[in-house]
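Participant: Got a structure for you, work-v2.pdb, holding PDB, C-alpha atoms, pLDDT in the B column.
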```
ATOM      1  CA  MET A   1     171.473  46.948 106.823  1.00 91.00           C
ATOM      2  CA  LEU A   2     171.475  43.171 106.269  1.00 92.00           C
ATOM      3  CA  HIS A   3     168.172  42.962 108.110  1.00 92.00           C
ATOM      4  CA  ASP A   4     166.562  45.406 105.665  1.00 94.00           C
ATOM      5  CA  ILE A   5     167.826  43.514 102.607  1.00 95.00           C
ATOM      6  CA  LEU A   6     166.491  40.230 103.991  1.00 96.00           C
ATOM      7  CA  LEU A   7     163.085  41.817 104.630  1.00 96.00           C
ATOM      8  CA  VAL A   8     162.932  43.125 101.063  1.00 97.00           C
ATOM      9  CA  LEU A   9     163.892  39.735  99.632  1.00 97.00           C
ATOM     10  CA  LEU A  10     161.355  37.995 101.870  1.00 97.00           C
ATOM     11  CA  GLY A  11     158.687  40.455 100.731  1.00 97.00           C
ATOM     12  CA  LEU A  12     159.507  39.784  97.073  1.00 97.00           C
ATOM     13  CA  VAL A  13     159.343  36.019  97.545  1.00 97.00           C
ATOM     14  CA  VAL A  14     156.048  36.164  99.441  1.00 98.00           C
ATOM     15  CA  GLY A  15     154.625  38.581  96.864  1.00 97.00           C
ATOM     16  CA  ALA A  16     155.629  36.306  94.004  1.00 97.00           C
ATOM     17  CA  ILE A  17     154.015  33.297  95.668  1.00 98.00           C
ATOM     18  CA  ILE A  18     150.787  35.177  96.395  1.00 98.00           C
ATOM     19  CA  GLY A  19     150.789  36.630  92.873  1.00 97.00           C
ATOM     20  CA  PHE A  20     151.178  33.173  91.368  1.00 97.00           C
ATOM     21  CA  PHE A  21     148.169  31.773  93.218  1.00 97.00           C
ATOM     22  CA  VAL A  22     146.009  34.826  92.502  1.00 98.00           C
ATOM     23  CA  ALA A  23     146.874  34.680  88.785  1.00 97.00           C
ATOM     24  CA  ARG A  24     146.166  30.940  88.748  1.00 96.00           C
ATOM     25  CA  PHE A  25     142.767  31.463  90.378  1.00 96.00           C
ATOM     26  CA  VAL A  26     141.835  34.255  87.961  1.00 96.00           C
ATOM     27  CA  MET A  27     142.917  32.212  84.929  1.00 95.00           C
ATOM     28  CA  LYS A  28     140.929  29.155  86.045  1.00 93.00           C
ATOM     29  CA  LYS A  29     137.854  31.317  86.574  1.00 92.00           C
ATOM     30  CA  TYR A  30     138.279  32.951  83.159  1.00 91.00           C
ATOM     31  CA  LEU A  31     138.611  29.602  81.368  1.00 87.00           C
ATOM     32  CA  LYS A  32     135.579  28.274  83.234  1.00 86.00           C
ATOM     33  CA  ASP A  33     133.478  31.294  82.209  1.00 87.00           C
ATOM     34  CA  ASN A  34     134.884  31.512  78.650  1.00 83.00           C
ATOM     35  CA  PRO A  35     135.911  28.063  77.432  1.00 78.00           C
ATOM     36  CA  PRO A  36     138.043  27.871  74.293  1.00 82.00           C
ATOM     37  CA  ILE A  37     136.249  27.088  71.046  1.00 83.00           C
ATOM     38  CA  ASN A  38     136.160  23.395  70.185  1.00 85.00           C
ATOM     39  CA  GLU A  39     134.821  21.340  67.285  1.00 87.00           C
ATOM     40  CA  GLU A  40     131.394  20.904  68.869  1.00 88.00           C
ATOM     41  CA  MET A  41     130.958  24.669  69.165  1.00 89.00           C
ATOM     42  CA  ILE A  42     131.916  25.196  65.534  1.00 88.00           C
ATOM     43  CA  LYS A  43     129.536  22.461  64.444  1.00 90.00           C
ATOM     44  CA  ALA A  44     126.676  23.984  66.477  1.00 90.00           C
ATOM     45  CA  LEU A  45     127.413  27.434  65.053  1.00 87.00           C
ATOM     46  CA  MET A  46     127.330  26.171  61.464  1.00 89.00           C
ATOM     47  CA  MET A  47     124.120  24.234  62.154  1.00 90.00           C
ATOM     48  CA  GLN A  48     122.517  27.433  63.481  1.00 92.00           C
ATOM     49  CA  MET A  49     123.460  29.172  60.252  1.00 91.00           C
ATOM     50  CA  GLY A  50     121.622  26.466  58.323  1.00 89.00           C
ATOM     51  CA  ARG A  51     124.641  24.504  57.098  1.00 87.00           C
ATOM     52  CA  LYS A  52     125.386  20.836  57.644  1.00 88.00           C
ATOM     53  CA  PRO A  53     129.152  20.844  58.135  1.00 88.00           C
ATOM     54  CA  ASN A  54     131.343  17.894  57.292  1.00 89.00           C
ATOM     55  CA  GLN A  55     134.555  17.040  59.151  1.00 90.00           C
ATOM     56  CA  LYS A  56     136.747  18.733  56.533  1.00 91.00           C
ATOM     57  CA  GLN A  57     134.937  22.055  57.002  1.00 89.00           C
ATOM     58  CA  ILE A  58     135.188  21.763  60.779  1.00 89.00           C
ATOM     59  CA  ASN A  59     138.935  21.058  60.520  1.00 90.00           C
ATOM     60  CA  GLN A  60     139.391  24.090  58.267  1.00 90.00           C
ATOM     61  CA  MET A  61     137.576  26.304  60.781  1.00 88.00           C
ATOM     62  CA  MET A  62     139.692  24.933  63.641  1.00 87.00           C
ATOM     63  CA  LYS A  63     142.881  25.732  61.704  1.00 89.00           C
ATOM     64  CA  GLN A  64     141.635  29.273  61.069  1.00 87.00           C
ATOM     65  CA  MET A  65     140.819  29.742  64.755  1.00 82.00           C
ATOM     66  CA  GLU A  66     144.260  28.464  65.830  1.00 79.00           C
ATOM     67  CA  LYS A  67     145.906  30.796  63.314  1.00 80.00           C
ATOM     68  CA  TYR A  68     144.372  33.884  64.959  1.00 74.00           C
ATOM     69  CA  GLN A  69     145.069  32.850  68.549  1.00 61.00           C
TER      70      GLN A  69
END
```
I need this file expressed as structure tokens, please.
Facilitator:
Amino acid sequence: MLHDILLVLLGLVVGAIIGFFVARFVMKKYLKDNPPINEEMIKALMMQMGRKPNQKQINQMMKQMEKYQ
């Protein structure tokens, strides 16, 4: 009886540790493939649309992006 409980607890602990490292690996890979939007990306996007953004416009866009995340 006690042996079975210890095996279940050991399985849960090992599963949690493995799950942590797998989730960490997947998250790192996701952030590497899809980096968060930064000021340089916003500036490049506005330049592609034919606008010369100033710092105030970039800050406004960053605030809007943070609001929806």
Participant: For this structure, which residues satisfy the selection - the PyMOL selection byres ((chain A and resi 57-66) around 12) - when it is evaluated on the file as given? I want them as a list of chain:residue names.
Facilitator: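 Written out, the selection comes to A:Pro36, A:Ile37, A:Asn38, A:Glu39, A:Glu40, A:Met41, A:Ile42, A:Lys43, A:Ala44, A:Leu45, A:Met46, A:Met47, A:Arg51, A:Lys52, A:Pro53, A:Asn54, A:Gln55, A:Lys56, A:Lys67, A:Tyr68, A:Gln69.
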Participant: Quick one: pull the distance between atom CA of Leu6 of chain A and atom CA of Ala23 of chain A, Å, one decimal.
Facilitator: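 Pair atom CA of Leu6 of chain A / atom CA of Ala23 of chain A returns 25.4 Å.
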Participant: Can you work out the spacing between atom CA of Arg24 of chain A and atom CA of Leu9 of chain A in Å, to one decimal?
Facilitator: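 Pair atom CA of Arg24 of chain A / atom CA of Leu9 of chain A returns 22.6 Å.
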Participant: Quick one: distance from atom CA of Leu12 of chain A to atom CA of Leu31 of chain A in Å, one decimal?
Facilitator: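 It comes out at 28.1 Å.
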Participant: Output as a PDB file, in the frame of the given file: segment 17-48 of chain A, completed with N, CA and C atoms.
Facilitator:
```pdb
ATOM      1  N   ILE A  17     154.832  34.481  95.383  1.00 98.00           N
ATOM      2  CA  ILE A  17     154.015  33.297  95.668  1.00 98.00           C
ATOM      3  C   ILE A  17     152.538  33.665  95.680  1.00 98.00           C
ATOM      4  N   ILE A  18     152.186  34.744  96.359  1.00 98.00           N
ATOM      5  CA  ILE A  18     150.787  35.177  96.395  1.00 98.00           C
ATOM      6  C   ILE A  18     150.313  35.549  94.996  1.00 98.00           C
ATOM      7  N   GLY A  19     151.140  36.250  94.238  1.00 97.00           N
ATOM      8  CA  GLY A  19     150.789  36.630  92.873  1.00 97.00           C
ATOM      9  C   GLY A  19     150.553  35.428  91.984  1.00 97.00           C
ATOM     10  N   PHE A  20     151.356  34.392  92.148  1.00 97.00           N
ATOM     11  CA  PHE A  20     151.178  33.173  91.368  1.00 97.00           C
ATOM     12  C   PHE A  20     149.812  32.551  91.618  1.00 97.00           C
ATOM     13  N   PHE A  21     149.445  32.412  92.893  1.00 97.00           N
ATOM     14  CA  PHE A  21     148.169  31.773  93.218  1.00 97.00           C
ATOM     15  C   PHE A  21     146.977  32.633  92.820  1.00 97.00           C
ATOM     16  N   VAL A  22     147.099  33.948  92.940  1.00 98.00           N
ATOM     17  CA  VAL A  22     146.009  34.826  92.502  1.00 98.00           C
ATOM     18  C   VAL A  22     145.845  34.739  90.985  1.00 98.00           C
ATOM     19  N   ALA A  23     146.946  34.777  90.244  1.00 97.00           N
ATOM     20  CA  ALA A  23     146.874  34.680  88.785  1.00 97.00           C
ATOM     21  C   ALA A  23     146.310  33.329  88.355  1.00 97.00           C
ATOM     22  N   ARG A  24     146.683  32.281  89.053  1.00 96.00           N
ATOM     23  CA  ARG A  24     146.166  30.940  88.748  1.00 96.00           C
ATOM     24  C   ARG A  24     144.658  30.871  88.966  1.00 96.00           C
ATOM     25  N   PHE A  25     144.196  31.438  90.076  1.00 96.00           N
ATOM     26  CA  PHE A  25     142.767  31.463  90.378  1.00 96.00           C
ATOM     27  C   PHE A  25     142.000  32.251  89.319  1.00 96.00           C
ATOM     28  N   VAL A  26     142.503  33.415  88.956  1.00 96.00           N
ATOM     29  CA  VAL A  26     141.835  34.255  87.961  1.00 96.00           C
ATOM     30  C   VAL A  26     141.799  33.553  86.615  1.00 96.00           C
ATOM     31  N   MET A  27     142.868  32.902  86.222  1.00 95.00           N
ATOM     32  CA  MET A  27     142.917  32.212  84.929  1.00 95.00           C
ATOM     33  C   MET A  27     141.947  31.034  84.906  1.00 95.00           C
ATOM     34  N   LYS A  28     141.879  30.270  85.985  1.00 93.00           N
ATOM     35  CA  LYS A  28     140.929  29.155  86.045  1.00 93.00           C
ATOM     36  C   LYS A  28     139.498  29.662  85.936  1.00 93.00           C
ATOM     37  N   LYS A  29     139.202  30.755  86.621  1.00 92.00           N
ATOM     38  CA  LYS A  29     137.854  31.317  86.574  1.00 92.00           C
ATOM     39  C   LYS A  29     137.542  31.809  85.162  1.00 92.00           C
ATOM     40  N   TYR A  30     138.489  32.451  84.516  1.00 91.00           N
ATOM     41  CA  TYR A  30     138.279  32.951  83.159  1.00 91.00           C
ATOM     42  C   TYR A  30     138.015  31.801  82.188  1.00 91.00           C
ATOM     43  N   LEU A  31     138.798  30.739  82.269  1.00 87.00           N
ATOM     44  CA  LEU A  31     138.611  29.602  81.368  1.00 87.00           C
ATOM     45  C   LEU A  31     137.303  28.866  81.655  1.00 87.00           C
ATOM     46  N   LYS A  32     136.863  28.893  82.907  1.00 86.00           N
ATOM     47  CA  LYS A  32     135.579  28.274  83.234  1.00 86.00           C
ATOM     48  C   LYS A  32     134.434  29.098  82.642  1.00 86.00           C
ATOM     49  N   ASP A  33     134.526  30.416  82.740  1.00 87.00           N
ATOM     50  CA  ASP A  33     133.478  31.294  82.209  1.00 87.00           C
ATOM     51  C   ASP A  33     133.523  31.406  80.688  1.00 87.00           C
ATOM     52  N   ASN A  34     134.695  31.356  80.100  1.00 83.00           N
ATOM     53  CA  ASN A  34     134.884  31.512  78.650  1.00 83.00           C
ATOM     54  C   ASN A  34     135.722  30.360  78.107  1.00 83.00           C
ATOM     55  N   PRO A  35     135.116  29.202  77.907  1.00 78.00           N
ATOM     56  CA  PRO A  35     135.911  28.063  77.432  1.00 78.00           C
ATOM     57  C   PRO A  35     136.396  28.297  76.002  1.00 78.00           C
ATOM     58  N   PRO A  36     137.542  27.731  75.654  1.00 82.00           N
ATOM     59  CA  PRO A  36     138.043  27.871  74.293  1.00 82.00           C
ATOM     60  C   PRO A  36     137.109  27.177  73.303  1.00 82.00           C
ATOM     61  N   ILE A  37     137.128  27.653  72.077  1.00 83.00           N
ATOM     62  CA  ILE A  37     136.249  27.088  71.046  1.00 83.00           C
ATOM     63  C   ILE A  37     136.744  25.699  70.662  1.00 83.00           C
ATOM     64  N   ASN A  38     135.813  24.742  70.602  1.00 85.00           N
ATOM     65  CA  ASN A  38     136.160  23.395  70.185  1.00 85.00           C
ATOM     66  C   ASN A  38     135.320  23.003  68.970  1.00 85.00           C
ATOM     67  N   GLU A  39     135.504  21.789  68.497  1.00 87.00           N
ATOM     68  CA  GLU A  39     134.821  21.340  67.285  1.00 87.00           C
ATOM     69  C   GLU A  39     133.305  21.316  67.447  1.00 87.00           C
ATOM     70  N   GLU A  40     132.845  20.958  68.639  1.00 88.00           N
ATOM     71  CA  GLU A  40     131.394  20.904  68.869  1.00 88.00           C
ATOM     72  C   GLU A  40     130.771  22.291  68.762  1.00 88.00           C
ATOM     73  N   MET A  41     131.473  23.302  69.251  1.00 89.00           N
ATOM     74  CA  MET A  41     130.958  24.669  69.165  1.00 89.00           C
ATOM     75  C   MET A  41     130.892  25.136  67.717  1.00 89.00           C
ATOM     76  N   ILE A  42     131.908  24.816  66.946  1.00 88.00           N
ATOM     77  CA  ILE A  42     131.916  25.196  65.534  1.00 88.00           C
ATOM     78  C   ILE A  42     130.784  24.489  64.795  1.00 88.00           C
ATOM     79  N   LYS A  43     130.607  23.221  65.082  1.00 90.00           N
ATOM     80  CA  LYS A  43     129.536  22.461  64.444  1.00 90.00           C
ATOM     81  C   LYS A  43     128.167  23.053  64.782  1.00 90.00           C
ATOM     82  N   ALA A  44     127.948  23.392  66.056  1.00 90.00           N
ATOM     83  CA  ALA A  44     126.676  23.984  66.477  1.00 90.00           C
ATOM     84  C   ALA A  44     126.458  25.334  65.809  1.00 90.00           C
ATOM     85  N   LEU A  45     127.519  26.123  65.696  1.00 87.00           N
ATOM     86  CA  LEU A  45     127.413  27.434  65.053  1.00 87.00           C
ATOM     87  C   LEU A  45     127.018  27.295  63.584  1.00 87.00           C
ATOM     88  N   MET A  46     127.640  26.370  62.883  1.00 89.00           N
ATOM     89  CA  MET A  46     127.330  26.171  61.464  1.00 89.00           C
ATOM     90  C   MET A  46     125.911  25.614  61.296  1.00 89.00           C
ATOM     91  N   MET A  47     125.485  24.759  62.215  1.00 90.00           N
ATOM     92  CA  MET A  47     124.120  24.234  62.154  1.00 90.00           C
ATOM     93  C   MET A  47     123.100  25.359  62.369  1.00 90.00           C
ATOM     94  N   GLN A  48     123.419  26.304  63.245  1.00 92.00           N
ATOM     95  CA  GLN A  48     122.517  27.433  63.481  1.00 92.00           C
ATOM     96  C   GLN A  48     122.408  28.326  62.251  1.00 92.00           C
TER      97      GLN A  48
END
```
